[in-house]
Structures are given as C-alpha cells and as structure tokens.
file query-v1.csv (CSV, C-alpha atoms)
chain,number,residue,atom,x,y,z
Y,252,MET,CA,207.4,35.5,-63.3
Y,253,ARG,CA,208.6,32.1,-63.9
Y,254,ARG,CA,210.3,29.0,-62.7
Y,255,SER,CA,208.6,26.6,-60.3
Y,256,HIS,CA,210.8,27.8,-57.5
Y,257,SER,CA,208.7,30.9,-57.2
Y,258,GLY,CA,205.7,28.9,-56.1
Y,259,ARG,CA,202.1,28.8,-57.2
Y,260,ALA,CA,201.6,32.5,-56.6
Y,261,PHE,CA,204.2,33.4,-59.1
Y,262,VAL,CA,203.0,30.7,-61.5
Y,263,ALA,CA,199.5,32.2,-61.4
Y,264,ALA,CA,201.0,35.7,-62.0
Y,265,ALA,CA,202.9,34.5,-65.0
Y,266,VAL,CA,199.8,32.8,-66.5
Y,267,LEU,CA,197.9,36.0,-66.0
Y,268,LEU,CA,200.7,37.9,-67.6
Y,269,GLY,CA,200.7,35.6,-70.6
Y,270,ALA,CA,197.0,36.2,-71.0
Y,271,LEU,CA,197.5,40.0,-70.8
Y,272,VAL,CA,200.5,40.5,-73.0
Y,273,VAL,CA,201.1,37.6,-75.4
Y,274,PRO,CA,198.8,37.7,-78.5
Y,275,ALA,CA,196.1,35.1,-78.2
Y,276,VAL,CA,196.8,31.7,-79.9
Y,277,THR,CA,193.4,32.0,-81.6
Y,278,ALA,CA,194.5,35.2,-83.5
Y,279,SER,CA,194.2,35.1,-87.3
Y,280,PRO,CA,196.8,32.8,-88.9
Y,281,ALA,CA,199.6,34.4,-90.8
Y,282,SER,CA,198.1,33.4,-94.1
Y,283,ALA,CA,194.9,35.4,-93.3
Y,284,THR,CA,196.7,38.6,-92.3
Y,285,ASP,CA,196.3,41.7,-94.5
Y,286,TYR,CA,199.9,42.7,-94.8
Y,287,PRO,CA,200.8,46.3,-95.7
Y,288,THR,CA,202.5,46.7,-99.0
Y,289,TRP,CA,205.5,48.9,-99.8
Y,290,GLN,CA,203.2,50.9,-102.0
Y,291,ASP,CA,201.0,51.6,-98.9
Y,292,VAL,CA,204.1,52.6,-97.0
Y,293,GLN,CA,205.4,55.0,-99.6
Y,294,ALA,CA,202.0,56.6,-100.1
Y,295,ALA,CA,201.6,57.2,-96.4
Y,296,LYS,CA,204.9,59.1,-96.0
Y,297,GLY,CA,203.5,62.3,-97.4
Y,298,ASN,CA,200.9,62.7,-94.7
Y,299,GLU,CA,201.6,62.5,-91.0
Y,300,GLN,CA,198.2,61.2,-90.1
Y,301,ALA,CA,198.4,58.6,-92.9
Y,302,LYS,CA,201.9,57.7,-91.7
Y,303,GLN,CA,200.8,57.0,-88.2
Y,304,ALA,CA,197.9,55.0,-89.4
Y,305,GLU,CA,200.2,52.9,-91.5
Y,306,VAL,CA,202.6,52.4,-88.6
Y,307,SER,CA,199.6,51.0,-86.6
Y,308,LYS,CA,198.7,48.8,-89.5
Y,309,VAL,CA,202.3,47.4,-89.7
Y,310,GLN,CA,202.4,46.9,-85.9
Y,311,ASP,CA,199.1,45.0,-85.9
Y,312,ALA,CA,200.4,42.8,-88.7
Y,313,LEU,CA,203.5,42.0,-86.7
Y,314,LYS,CA,201.4,41.0,-83.7
Y,315,ALA,CA,199.2,38.8,-85.8
Y,316,VAL,CA,202.0,36.9,-87.5
Y,317,GLN,CA,203.9,36.5,-84.3
Y,318,ALA,CA,200.8,35.3,-82.5
Y,319,ASP,CA,200.4,32.5,-85.0
Y,320,ALA,CA,204.0,31.3,-84.7
Y,321,ALA,CA,203.9,31.6,-80.9
Y,322,GLY,CA,200.8,29.5,-80.7
Y,323,LYS,CA,202.2,26.7,-82.9
Y,324,SER,CA,205.6,26.8,-81.1
Y,325,GLN,CA,203.8,26.5,-77.7
Y,326,VAL,CA,201.9,23.5,-79.0
Y,327,ALA,CA,205.1,21.9,-80.2
Y,328,LEU,CA,206.7,22.5,-76.8
Y,329,ASP,CA,203.8,21.0,-74.9
Y,330,ALA,CA,203.7,18.0,-77.3
Y,331,ALA,CA,207.5,17.4,-76.8
Y,332,ALA,CA,207.0,17.5,-73.0
Y,333,LYS,CA,204.2,14.9,-73.3
Y,334,ALA,CA,206.3,12.7,-75.5
Y,335,ASP,CA,209.1,12.8,-72.9
Y,336,GLN,CA,206.6,11.9,-70.2
Y,337,ALA,CA,205.2,9.0,-72.2
Y,338,ASP,CA,208.7,7.7,-72.8
Y,339,ALA,CA,209.4,7.8,-69.1
Y,340,GLU,CA,206.2,6.0,-68.2
Y,341,LEU,CA,206.9,3.3,-70.9
Y,342,SER,CA,210.4,2.8,-69.5
Y,343,GLU,CA,209.0,2.3,-66.0
Y,344,ALA,CA,206.3,-0.1,-67.2
Y,345,ALA,CA,208.8,-2.1,-69.1
Y,346,GLN,CA,211.0,-2.5,-66.0
Y,347,THR,CA,208.0,-3.5,-64.0
Y,348,ALA,CA,206.9,-6.1,-66.6
Y,349,THR,CA,210.4,-7.6,-66.8
Y,350,SER,CA,210.8,-7.8,-63.1
Y,351,LEU,CA,207.4,-9.4,-62.5
Y,352,GLN,CA,208.1,-12.0,-65.3
Y,353,ALA,CA,211.4,-12.8,-63.7
Y,354,GLN,CA,209.8,-13.3,-60.3
Y,355,ALA,CA,207.1,-15.4,-61.8
Y,356,ASP,CA,209.7,-17.7,-63.6
Y,357,GLN,CA,211.6,-18.0,-60.3
Y,358,ALA,CA,208.5,-18.9,-58.4
Y,359,ALA,CA,207.5,-21.5,-61.0
Y,360,GLN,CA,211.0,-23.1,-60.7
Y,361,THR,CA,210.6,-23.1,-56.9
Y,362,ALA,CA,207.2,-24.8,-57.2
Y,363,GLN,CA,208.6,-27.4,-59.6
Y,364,ARG,CA,211.4,-28.3,-57.3
Y,365,ALA,CA,209.1,-28.6,-54.3
Y,366,GLN,CA,206.7,-30.8,-56.3
Y,367,THR,CA,209.6,-33.0,-57.4
Y,368,ARG,CA,210.8,-33.4,-53.8
Y,369,ALA,CA,207.2,-34.2,-52.6
Y,370,GLY,CA,207.0,-36.9,-55.3
Y,371,GLN,CA,210.3,-38.4,-54.2
Y,372,LEU,CA,209.2,-38.5,-50.6
Y,373,ALA,CA,205.9,-40.1,-51.5
Y,374,ALA,CA,207.9,-42.8,-53.3
Y,375,ASN,CA,210.0,-43.3,-50.1
Y,376,LEU,CA,206.8,-43.7,-48.1
Y,377,TYR,CA,205.8,-46.5,-50.4
Y,378,ARG,CA,209.2,-48.2,-50.7
Y,379,ASP,CA,212.3,-48.3,-48.6
Y,380,GLY,CA,214.7,-48.6,-51.5
Y,381,SER,CA,214.2,-52.4,-52.0
Y,382,THR,CA,211.3,-54.3,-53.6
Y,383,ASN,CA,209.3,-54.5,-50.4
Y,384,GLN,CA,206.6,-52.0,-49.3
Y,385,MET,CA,207.5,-50.3,-46.1
Y,386,THR,CA,204.1,-51.2,-44.6
Y,387,THR,CA,204.9,-54.8,-45.2
Y,388,LYS,CA,208.2,-54.5,-43.4
Y,389,ILE,CA,206.5,-52.9,-40.4
Y,390,ALA,CA,203.9,-55.6,-40.3
Y,391,THR,CA,206.4,-58.4,-40.4
Y,392,ALA,CA,209.0,-56.9,-38.1
Y,393,LYS,CA,209.7,-59.3,-35.2
Y,394,ASP,CA,212.2,-57.2,-33.3
Y,395,PRO,CA,210.5,-54.6,-31.2
Y,396,ASP,CA,213.4,-52.1,-31.8
Y,397,GLU,CA,213.1,-52.6,-35.5
Y,398,LEU,CA,209.4,-52.0,-35.4
Y,399,LEU,CA,209.8,-48.8,-33.4
Y,400,TYR,CA,212.5,-47.7,-35.9
Y,401,GLN,CA,210.3,-48.4,-38.9
Y,402,LEU,CA,207.4,-46.6,-37.3
Y,403,GLY,CA,209.5,-43.5,-36.5
Y,404,ALA,CA,211.0,-43.4,-40.0
Y,405,MET,CA,207.5,-43.6,-41.5
Y,406,ASP,CA,206.3,-40.8,-39.2
Y,407,GLN,CA,209.2,-38.6,-40.1
Y,408,LEU,CA,208.8,-39.2,-43.8
Y,409,THR,CA,205.1,-38.4,-43.5
Y,410,THR,CA,205.7,-35.1,-41.7
Y,411,THR,CA,208.4,-34.1,-44.1
Y,412,TRP,CA,206.3,-35.0,-47.1
Y,413,THR,CA,203.3,-33.0,-45.8
Y,414,SER,CA,205.5,-30.0,-45.2
Y,415,VAL,CA,207.1,-30.1,-48.7
Y,416,LEU,CA,203.7,-30.6,-50.2
Y,417,ASP,CA,202.4,-27.5,-48.5
Y,418,ASP,CA,205.5,-25.6,-49.7
Y,419,ALA,CA,204.9,-26.8,-53.2
Y,420,SER,CA,201.3,-25.6,-53.0
Y,421,VAL,CA,202.3,-22.2,-51.7
Y,422,ALA,CA,205.0,-21.8,-54.4
Y,423,ALA,CA,202.5,-22.8,-57.1
Y,424,GLY,CA,200.0,-20.2,-55.9
Y,425,THR,CA,202.7,-17.5,-55.8
Y,426,ALA,CA,203.9,-18.4,-59.3
Y,427,SER,CA,200.3,-18.2,-60.6
Y,428,SER,CA,199.7,-14.9,-58.9
Y,429,LEU,CA,203.0,-13.4,-60.2
Y,430,HIS,CA,202.2,-14.7,-63.7
Y,431,ASP,CA,198.9,-13.0,-63.7
Y,432,GLN,CA,200.6,-9.7,-62.5
Y,433,ALA,CA,203.2,-10.1,-65.2
Y,434,THR,CA,200.5,-10.6,-67.9
Y,435,ARG,CA,198.7,-7.4,-66.8
Y,436,ALA,CA,202.0,-5.5,-66.6
Y,437,GLU,CA,202.9,-6.6,-70.1
Y,438,ALA,CA,199.5,-5.4,-71.4
Y,439,GLU,CA,200.1,-2.1,-69.7
Y,440,ARG,CA,203.6,-1.9,-71.2
Y,441,ALA,CA,202.1,-2.5,-74.7
Y,442,ARG,CA,199.4,0.2,-74.1
Y,443,LEU,CA,202.0,2.7,-73.0
Y,444,ALA,CA,204.3,1.8,-75.9
Y,445,GLN,CA,201.4,2.7,-78.3
Y,446,ALA,CA,200.8,5.9,-76.3
Y,447,ALA,CA,204.4,6.8,-76.5
Y,448,GLU,CA,204.5,6.2,-80.3
Y,449,ASP,CA,201.3,8.3,-80.7
Y,450,ARG,CA,202.7,11.2,-78.6
Y,451,SER,CA,206.0,11.1,-80.5
Y,452,ALA,CA,204.2,11.3,-83.8
Y,453,ALA,CA,202.1,14.2,-82.4
Y,454,ALA,CA,205.2,16.0,-81.3
Y,455,LYS,CA,206.8,15.6,-84.7
Y,456,SER,CA,203.7,16.9,-86.4
Y,457,ALA,CA,203.4,19.9,-84.1
Y,458,GLN,CA,207.1,20.7,-84.5
Y,459,ALA,CA,206.8,20.6,-88.3
Y,460,LYS,CA,203.9,23.0,-88.1
Y,461,ALA,CA,205.8,25.3,-85.8
Y,462,ASP,CA,208.8,25.2,-88.0
Y,463,ALA,CA,206.7,26.2,-91.0
Y,464,ALA,CA,205.0,29.0,-89.1
Y,465,VAL,CA,208.4,30.3,-87.7
Y,466,ALA,CA,209.9,30.4,-91.2
Y,467,SER,CA,206.9,32.3,-92.6
Y,468,THR,CA,206.8,34.7,-89.6
Y,469,LYS,CA,210.5,35.5,-89.9
Y,470,ASP,CA,210.1,36.4,-93.6
Y,471,HIS,CA,207.1,38.6,-92.9
Y,472,SER,CA,208.6,40.1,-89.7
Y,473,ASP,CA,211.8,41.2,-91.5
Y,474,GLU,CA,209.8,43.0,-94.1
Y,475,LEU,CA,207.4,44.6,-91.6
Y,476,TYR,CA,210.3,45.9,-89.4
Y,477,ALA,CA,211.9,47.3,-92.6
Y,478,GLN,CA,208.6,49.1,-93.4
Y,479,LEU,CA,208.4,50.5,-89.9
Y,480,ALA,CA,212.0,51.7,-90.2
Y,481,SER,CA,211.1,53.4,-93.5
Y,482,LEU,CA,208.1,55.1,-92.0
Y,483,LYS,CA,210.0,56.3,-88.9
Y,484,ASP,CA,213.3,57.0,-90.6
Y,485,THR,CA,215.2,54.6,-88.4
Y,486,THR,CA,216.6,51.1,-89.0
Y,487,ALA,CA,215.0,47.7,-89.0
Y,488,LYS,CA,217.3,46.5,-86.2
Y,489,ALA,CA,216.5,49.6,-84.0
Y,490,GLU,CA,212.8,49.1,-84.6
Y,491,GLN,CA,212.9,45.4,-83.6
Y,492,GLN,CA,214.9,46.1,-80.5
Y,493,TYR,CA,212.6,48.9,-79.5
Y,494,ALA,CA,209.5,46.7,-80.1
Y,495,VAL,CA,211.0,43.9,-78.0
Y,496,GLY,CA,211.8,46.3,-75.2
Y,497,GLN,CA,208.3,47.7,-75.2
Y,498,ALA,CA,206.7,44.3,-75.2
Y,499,VAL,CA,208.9,42.9,-72.4
Y,500,ALA,CA,208.3,46.1,-70.3
Y,501,ALA,CA,204.6,45.6,-70.7
Y,502,GLN,CA,205.0,41.9,-69.7
Y,503,ALA,CA,207.0,42.8,-66.6
Y,504,ALA,CA,204.5,45.4,-65.5
Y,505,ALA,CA,201.6,43.0,-65.9
Y,506,GLN,CA,203.5,40.4,-64.0
Y,507,ALA,CA,204.2,42.8,-61.2
Y,508,ARG,CA,200.5,43.6,-60.9
Y,509,ALA,CA,199.4,40.0,-61.0
Y,510,ALA,CA,202.0,39.0,-58.4
Y,511,GLN,CA,200.9,41.7,-56.1
Y,512,ALA,CA,197.2,40.7,-56.5
Y,513,ALA,CA,198.1,37.0,-55.8
Y,514,ALA,CA,200.1,37.9,-52.8
Y,515,GLN,CA,197.2,39.8,-51.3
Y,516,GLU,CA,195.0,36.8,-51.6
Y,517,GLN,CA,197.2,34.3,-50.0
Y,518,ALA,CA,198.5,33.8,-46.5
Y,519,LEU,CA,202.3,33.8,-46.2
Y,520,ALA,CA,202.4,30.3,-44.6
Y,521,ALA,CA,200.3,28.7,-47.3
Y,522,GLN,CA,202.4,30.4,-50.0
Y,523,GLN,CA,205.6,29.1,-48.5
Y,524,GLY,CA,204.2,25.6,-48.4
Y,525,ARG,CA,203.4,25.8,-52.1
Y,526,GLN,CA,206.8,27.2,-52.9
Y,527,ALA,CA,208.5,24.3,-51.0
Y,528,SER,CA,206.4,21.8,-52.9
Y,529,ALA,CA,207.2,23.5,-56.3
Y,530,ALA,CA,210.9,23.7,-55.5
Y,531,SER,CA,211.2,19.9,-55.4
Y,532,SER,CA,210.3,19.6,-59.1
Y,533,GLY,CA,213.1,19.0,-61.6
Y,534,SER,CA,213.9,19.9,-65.1
Y,535,SER,CA,213.8,18.0,-68.3
Y,536,PHE,CA,215.2,18.7,-71.8
Y,537,PRO,CA,212.6,17.7,-74.4
Y,538,ASP,CA,213.5,17.3,-78.0
Y,539,THR,CA,211.9,20.3,-79.8
Y,540,GLY,CA,213.2,19.7,-83.2
Y,541,GLY,CA,216.0,22.0,-84.4
Y,542,VAL,CA,216.9,23.5,-81.0
Y,543,THR,CA,220.6,24.2,-80.6
Y,544,VAL,CA,222.0,23.4,-77.2
Y,545,ASP,CA,225.3,25.2,-77.0
Y,546,PRO,CA,225.9,26.8,-73.5
Y,547,ALA,CA,229.3,28.1,-74.5
Y,548,GLY,CA,228.0,29.7,-77.7
Y,549,ALA,CA,225.0,31.2,-75.7
Y,550,LYS,CA,227.3,32.8,-73.2
Y,551,ALA,CA,229.5,34.2,-75.9
Y,552,TYR,CA,226.5,35.7,-77.7
Y,553,ALA,CA,225.1,37.2,-74.4
Y,554,ARG,CA,228.4,38.8,-73.7
Y,555,SER,CA,228.6,40.3,-77.1
Y,556,VAL,CA,225.2,42.1,-76.8
Y,557,LEU,CA,225.5,43.5,-73.3
Y,558,GLY,CA,226.4,46.9,-74.6
Y,559,ASN,CA,223.1,47.0,-76.5
Y,560,TYR,CA,221.4,47.3,-73.1
Y,561,GLY,CA,223.8,49.9,-71.7
Y,562,TRP,CA,225.7,47.4,-69.6
Y,563,GLY,CA,229.4,46.9,-69.3
Y,564,ASP,CA,231.4,43.6,-69.0
Y,565,ASP,CA,231.2,43.9,-65.2
Y,566,GLN,CA,227.6,42.6,-65.5
Y,567,TYR,CA,228.6,39.4,-67.3
Y,568,GLY,CA,229.5,37.4,-64.2
Y,569,CYS,CA,226.2,38.0,-62.6
Y,570,LEU,CA,224.4,37.0,-65.8
Y,571,VAL,CA,226.4,33.8,-66.0
Y,572,SER,CA,225.5,32.9,-62.4
Y,573,LEU,CA,221.9,33.7,-62.9
Y,574,TRP,CA,221.2,31.6,-66.0
Y,575,THR,CA,223.5,28.8,-64.9
Y,576,GLN,CA,221.3,28.4,-61.9
Y,577,GLU,CA,218.1,28.8,-63.9
Y,578,SER,CA,218.8,26.6,-66.9
Y,579,GLY,CA,222.4,25.7,-67.2
Y,580,TRP,CA,222.3,28.0,-70.3
Y,581,ARG,CA,220.5,25.2,-72.2
Y,582,ALA,CA,218.0,26.4,-74.7
Y,583,ASN,CA,215.7,23.4,-74.3
Y,584,ALA,CA,215.5,23.5,-70.5
Y,585,LEU,CA,211.9,22.9,-69.4
Y,586,ASN,CA,210.8,23.0,-65.8
Y,587,SER,CA,208.6,19.9,-65.4
Y,588,SER,CA,206.3,21.6,-62.8
Y,589,SER,CA,205.8,25.2,-64.0
Y,590,LEU,CA,206.7,24.6,-67.7
Y,591,ALA,CA,209.1,27.6,-67.6
Y,592,TYR,CA,211.3,27.2,-70.6
Y,593,GLY,CA,214.6,28.2,-72.2
Y,594,ILE,CA,217.8,29.8,-71.0
Y,595,PRO,CA,216.0,32.6,-69.2
Y,596,GLN,CA,213.2,30.2,-68.0
Y,597,ALA,CA,210.3,32.3,-69.4
Y,598,LEU,CA,206.8,31.5,-68.1
Y,599,PRO,CA,204.7,31.1,-70.1
Y,600,ALA,CA,207.3,30.1,-72.6
Y,601,SER,CA,205.5,31.9,-75.5
Y,602,LYS,CA,206.3,35.2,-73.9
Y,603,MET,CA,209.6,35.0,-75.7
Y,604,SER,CA,207.8,35.3,-79.0
Y,605,ALA,CA,208.1,39.1,-78.4
Y,606,ALA,CA,211.8,38.7,-79.3
Y,607,GLY,CA,211.2,36.4,-82.4
Y,608,ALA,CA,209.1,33.7,-83.8
Y,609,ASP,CA,211.9,31.2,-83.4
Y,610,TRP,CA,212.1,31.4,-79.6
Y,611,LEU,CA,211.5,27.7,-79.2
Y,612,THR,CA,214.7,26.7,-80.9
Y,613,ASN,CA,216.9,29.8,-81.2
Y,614,GLN,CA,219.0,30.5,-78.1
Y,615,ASP,CA,219.9,34.0,-79.3
Y,616,THR,CA,216.2,34.9,-79.5
Y,617,GLN,CA,215.8,33.6,-75.9
Y,618,ILE,CA,218.7,35.6,-74.7
Y,619,ASN,CA,217.4,38.8,-76.4
Y,620,TRP,CA,214.1,38.4,-74.6
Y,621,GLY,CA,215.8,37.5,-71.3
Y,622,LEU,CA,218.1,40.6,-71.4
Y,623,SER,CA,215.1,42.8,-72.2
Y,624,TYR,CA,213.2,41.3,-69.3
Y,625,ILE,CA,216.1,41.8,-66.9
Y,626,LYS,CA,216.5,45.5,-68.0
Y,627,SER,CA,212.8,46.1,-67.5
Y,628,SER,CA,212.4,44.3,-64.2
Y,629,TYR,CA,215.8,44.7,-62.4
Y,630,GLY,CA,217.8,47.2,-64.4
Y,631,THR,CA,220.9,45.0,-64.6
Y,632,PRO,CA,221.9,41.3,-64.5
Y,633,CYS,CA,223.5,41.9,-61.1
Y,634,GLY,CA,220.2,43.4,-59.9
Y,635,ALA,CA,218.4,40.2,-61.1
Y,636,TRP,CA,221.1,38.0,-59.5
Y,637,ASN,CA,220.8,39.8,-56.2
Y,638,HIS,CA,217.1,39.3,-56.2
Y,639,GLU,CA,217.5,35.6,-57.2
Y,640,MET,CA,219.7,35.0,-54.1
Y,641,SER,CA,217.6,37.1,-51.7
Y,642,VAL,CA,214.6,34.8,-51.9
Y,643,ASN,CA,214.3,31.1,-51.1
Y,644,PRO,CA,213.3,29.2,-53.2
Y,645,HIS,CA,215.3,31.3,-55.7
Y,646,TRP,CA,213.6,33.1,-58.6
Y,647,TYR,CA,213.9,36.4,-60.5
call {"tool": "encode", "arguments": {"input": "query-v1.csv", "output": "structure tokens"}}
result
Amino acid sequence: MRRSHSGRAFVAAAVLLGALVVPAVTASPASATDYPTWQDVQAAKGNEQAKQAEVSKVQDALKAVQADAAGKSQVALDAAAKADQADAELSEAAQTATSLQAQADQAAQTAQRAQTRAGQLAANLYRDGSTNQMTTKIATAKDPDELLYQLGAMDQLTTTWTSVLDDASVAAGTASSLHDQATRAEAERARLAQAAEDRSAAAKSAQAKADAAVASTKDHSDELYAQLASLKDTTAKAEQQYAVGQAVAAQAAAQARAAQAAAQEQALAAQQGRQASAASSGSSFPDTGGVTVDPAGAKAYARSVLGNYGWGDDQYGCLVSLWTQESGWRANALNSSSLAYGIPQALPASKMSAAGADWLTNQDTQINWGLSYIKSSYGTPCGAWNHEMSVNPHWY
C-alpha cells in the first residue's frame, strides 16, 4: 500500500487504489453541493423507500464535501514538500557560491604574491643592490672568478624569475576562472532564492485554502453524520466509524487487487531491484501549517481507542513498534520517494480523508484511518507488525 520500502510495484498499487477509492479532486466543491436539509430528513422517515433515498443523498453529499477538502489538503502537502525541496536546493547553492568565492579570493591573493615576487626578482636582475647595473658589473669584471660568479647569479635569477612569472600567470588564470564560476554560482543562488520564496508563498496559500476547506467540511460532515444517525436510528459517532471502516475496507481490497496485478506483470528480480532503490530514500517533515507533532500524545490516543476495534492492550506493543518504524509517530512524516504521509504512512496521503477532512494536520484522524486499515488488511496490529517484519524492505 504505501511507503517507498515496498518498491515501485506497491507504489503503483497504491496510486491505482487512490484512483479507485478516494473521491476525485475534481469533484464539485463544497459550496456547490446540494446538502440535504433536516426537513428532508424528517419527511423521509415515514417511508422506507424515501428514507433509503435520503440516506444515499446524505452519503453522496458526504463524499462530495470530503473530496473537496481532500483535494485541497493534498495540494497543500505537495506544495509544502516542494517548498522544503527548494529550501534544500537553496542551501546547497549558497554553500557552493560561498566556497567558490573563497577559493577565488585565495587564488587572487596567491596570484598577487607571485606577481610581487616576480617584480622583485626583475628588479634584482637590473640591480645588485647598489647603484650599478648588474650587466655593467659583469662587463667590467676583471677577475675571471668574479665574472663567472656574476654570470651564474644572473642565470639563477633569470631562471627563478621565469618560474615565478609562470606561477603568477597560472595563479591569475585560476583566480579568473574561479571568479567566473563564483559569479555564476551566485546567480544560481539568487535564482533559487526567488524560487524558494515563490514556493513558500505557494505553500502558504495552498495551506490557507486547505484549512478553509477542512473547517467547512467538518461543519457539514458533523451535520450529515447526524442526519444519517437520525435516519438509521443510530448515533453520529457510530455512523462515522462505520463509514470509515467501509471506506478503508474498500481501499484495502482495491489495493490487494492492484498489487496482485502489478506482481503478475513484473519479474521478481526486477521488482527486488526497484525495492532496493526505493529503500534508500529518506523521510522529511514538511511544514503543513497547523500540524501537531506529538508522538507521546499520538500513542496515548491510539491506546485509548484500541477497544473500538475489538483489540485488547496486548496489541499496543505491536502498534508502537509498527508506527515507530514507519513514521516515528510523527504526523508530518513524509516519505521523500513515495510521498507516503502521516503516522500510518498512507499512500496516497489523501486516502486518510475517509477518516476526516483534517487528515493533513490531525494526528487523531490519521490514527483512526490507520487502525481501520490495519483491521481491514491484517486483523490486528500484531498481524500488521508480523507482516512488516516478514518482508525486506519492510512494509505493511
């Protein structure tokens, strides 16, 4: 289902699953949905056929409003991931530009020192430290030994001067090249800085839209679940838990079919190679606005609702191990390769909208979806954990 550790086959399965189960992002926005009224609900109660029709109408409205929030939240998550990537690219470019500039400055200093020394040696070739030109002293030398000494000194100075001049030329060329590279690097840093700023602004805008959609969806969802409860003589909480369970069960079934189809199309060796490549990817923790990252609180909440799924406290240890390995119980954990997200690492992330419109930022909603997924797919957290550890790379 999820997580890059499962390889391309499982990523493909998850993408297909999202297409099969999660309402399309292009569904009608919440503001355009024809919401049932309480008058409609009350009127439908007297006739079984009318009641069933009203139930279907309420359920369709729920799907529509959840689809709108899910789409906007997914856009916000994608934008946050892009903003993180832009920041990382900018940081790397800034380091490169700074390093190249330092190298260029050092090379320029080296070239300057070499040029200074070459100038000093040139002066020594012209003078020997007194007021006489060296060539004059050589020409007027009467002692053969003195003549040989003067000629040797001049030859040595000439050789040294030539070598230092060559060094100065090379250093100057190096400095010029590094300066050009530093200039280009600085231009790239400036470009990436603007890109990072643009992506940050886009992420904030997307998050604002998602927050507004989530708030609107929650208001409508609460009323719609209450209407369902009234029509079916249950409770809103029971209706919501039932709806989540049904949606996640359908997701799990579609995932299993897609995974089986993908496995049939791929050779085992090729699949293992893709899995090994995917397993090397890491995780990031993008800023998605109001997300609460509280692993201790998340564990406490998960433990408190185990009984809702028919499990005892004996399953808690397996659940802790499972989601510690998957996400560290961090609600903003994002797999940089597969884009699996959240405490249960759902893929695609928007699948968690089945449990609530606020899946992007609410760790309790993520846990509700994850527990429903575990129940549908593995029966218990220990069943999921056993599967996780039975495959390499690990996934569930």
call {"tool": "residues_around", "arguments": {"input": "query-v1.csv", "residues": "Ala301 (chain Y)", "least_positions_apart": "6", "cutoff": "12 Å", "atoms": "all atoms listed in the file", "output": "ChimeraX atom specification"}}
result
/Y:291-295,307-308,482
call {"tool": "residues_around", "arguments": {"input": "query-v1.csv", "residues": "region 629-644 of chain Y", "least_positions_apart": "4", "cutoff": "6 Å", "atoms": "all atoms listed in the file", "output": "list in words"}}
result
His256, Gln566, Cys569, Leu570, Leu573 and Ile625 of chain Y
call {"tool": "closest_residue", "arguments": {"input": "query-v1.csv", "among": "Y:Ala321, Y:His430, Y:Glu340, Y:Trp289", "to": "Asp356 (chain Y)", "atoms": "all atoms listed in the file"}}
result
Y:His430
call {"tool": "residues_around", "arguments": {"input": "query-v1.csv", "residues": "Lys323 (chain Y)", "least_positions_apart": "6", "cutoff": "9 Å", "atoms": "only C-alpha atoms", "output": "list of chain:residue names"}}
result
Y:Val276, Y:Ala457, Y:Gln458, Y:Lys460, Y:Ala461, Y:Asp462, Y:Ala464, Y:Val465
call {"tool": "closest_residue", "arguments": {"input": "query-v1.csv", "among": "Y:Ala334, Y:Ala358, Y:Ala318, Y:Ala327", "to": "Ala422 (chain Y)", "atoms": "only C-alpha atoms"}}
result
Y:Ala358
call {"tool": "build_atoms", "arguments": {"input": "query-v1.csv", "residues": "region 568-581 of chain Y", "atoms": "N, CA and C atoms", "output": "tab-separated table (two decimals), in the frame of the given file"}}
result
chain	number	residue	atom	x	y	z
Y	568	GLY	N	229.44	38.45	-65.25
Y	568	GLY	CA	229.50	37.40	-64.20
Y	568	GLY	C	228.22	37.13	-63.54
Y	569	CYS	N	227.47	38.21	-63.25
Y	569	CYS	CA	226.20	38.00	-62.60
Y	569	CYS	C	225.20	37.29	-63.56
Y	570	LEU	N	225.27	37.64	-64.86
Y	570	LEU	CA	224.40	37.00	-65.80
Y	570	LEU	C	224.72	35.50	-65.93
Y	571	VAL	N	226.00	35.17	-65.96
Y	571	VAL	CA	226.40	33.80	-66.00
Y	571	VAL	C	225.87	33.01	-64.82
Y	572	SER	N	226.02	33.58	-63.64
Y	572	SER	CA	225.50	32.90	-62.40
Y	572	SER	C	224.04	32.74	-62.44
Y	573	LEU	N	223.33	33.77	-62.89
Y	573	LEU	CA	221.90	33.70	-62.90
Y	573	LEU	C	221.34	32.64	-63.79
Y	574	TRP	N	221.78	32.61	-65.03
Y	574	TRP	CA	221.20	31.60	-66.00
Y	574	TRP	C	221.85	30.25	-65.85
Y	575	THR	N	223.02	30.17	-65.19
Y	575	THR	CA	223.50	28.80	-64.90
Y	575	THR	C	222.61	28.17	-63.85
Y	576	GLN	N	222.16	28.94	-62.87
Y	576	GLN	CA	221.30	28.40	-61.90
Y	576	GLN	C	219.88	28.11	-62.44
Y	577	GLU	N	219.41	28.98	-63.32
Y	577	GLU	CA	218.10	28.80	-63.90
Y	577	GLU	C	217.96	27.67	-64.85
Y	578	SER	N	218.91	27.56	-65.78
Y	578	SER	CA	218.80	26.60	-66.90
Y	578	SER	C	220.03	25.91	-67.31
Y	579	GLY	N	221.18	26.28	-66.70
Y	579	GLY	CA	222.40	25.70	-67.20
Y	579	GLY	C	222.77	26.25	-68.59
Y	580	TRP	N	222.13	27.36	-68.99
Y	580	TRP	CA	222.30	28.00	-70.30
Y	580	TRP	C	221.94	26.98	-71.43
Y	581	ARG	N	220.96	26.12	-71.16
Y	581	ARG	CA	220.50	25.20	-72.20
Y	581	ARG	C	219.17	25.71	-72.75
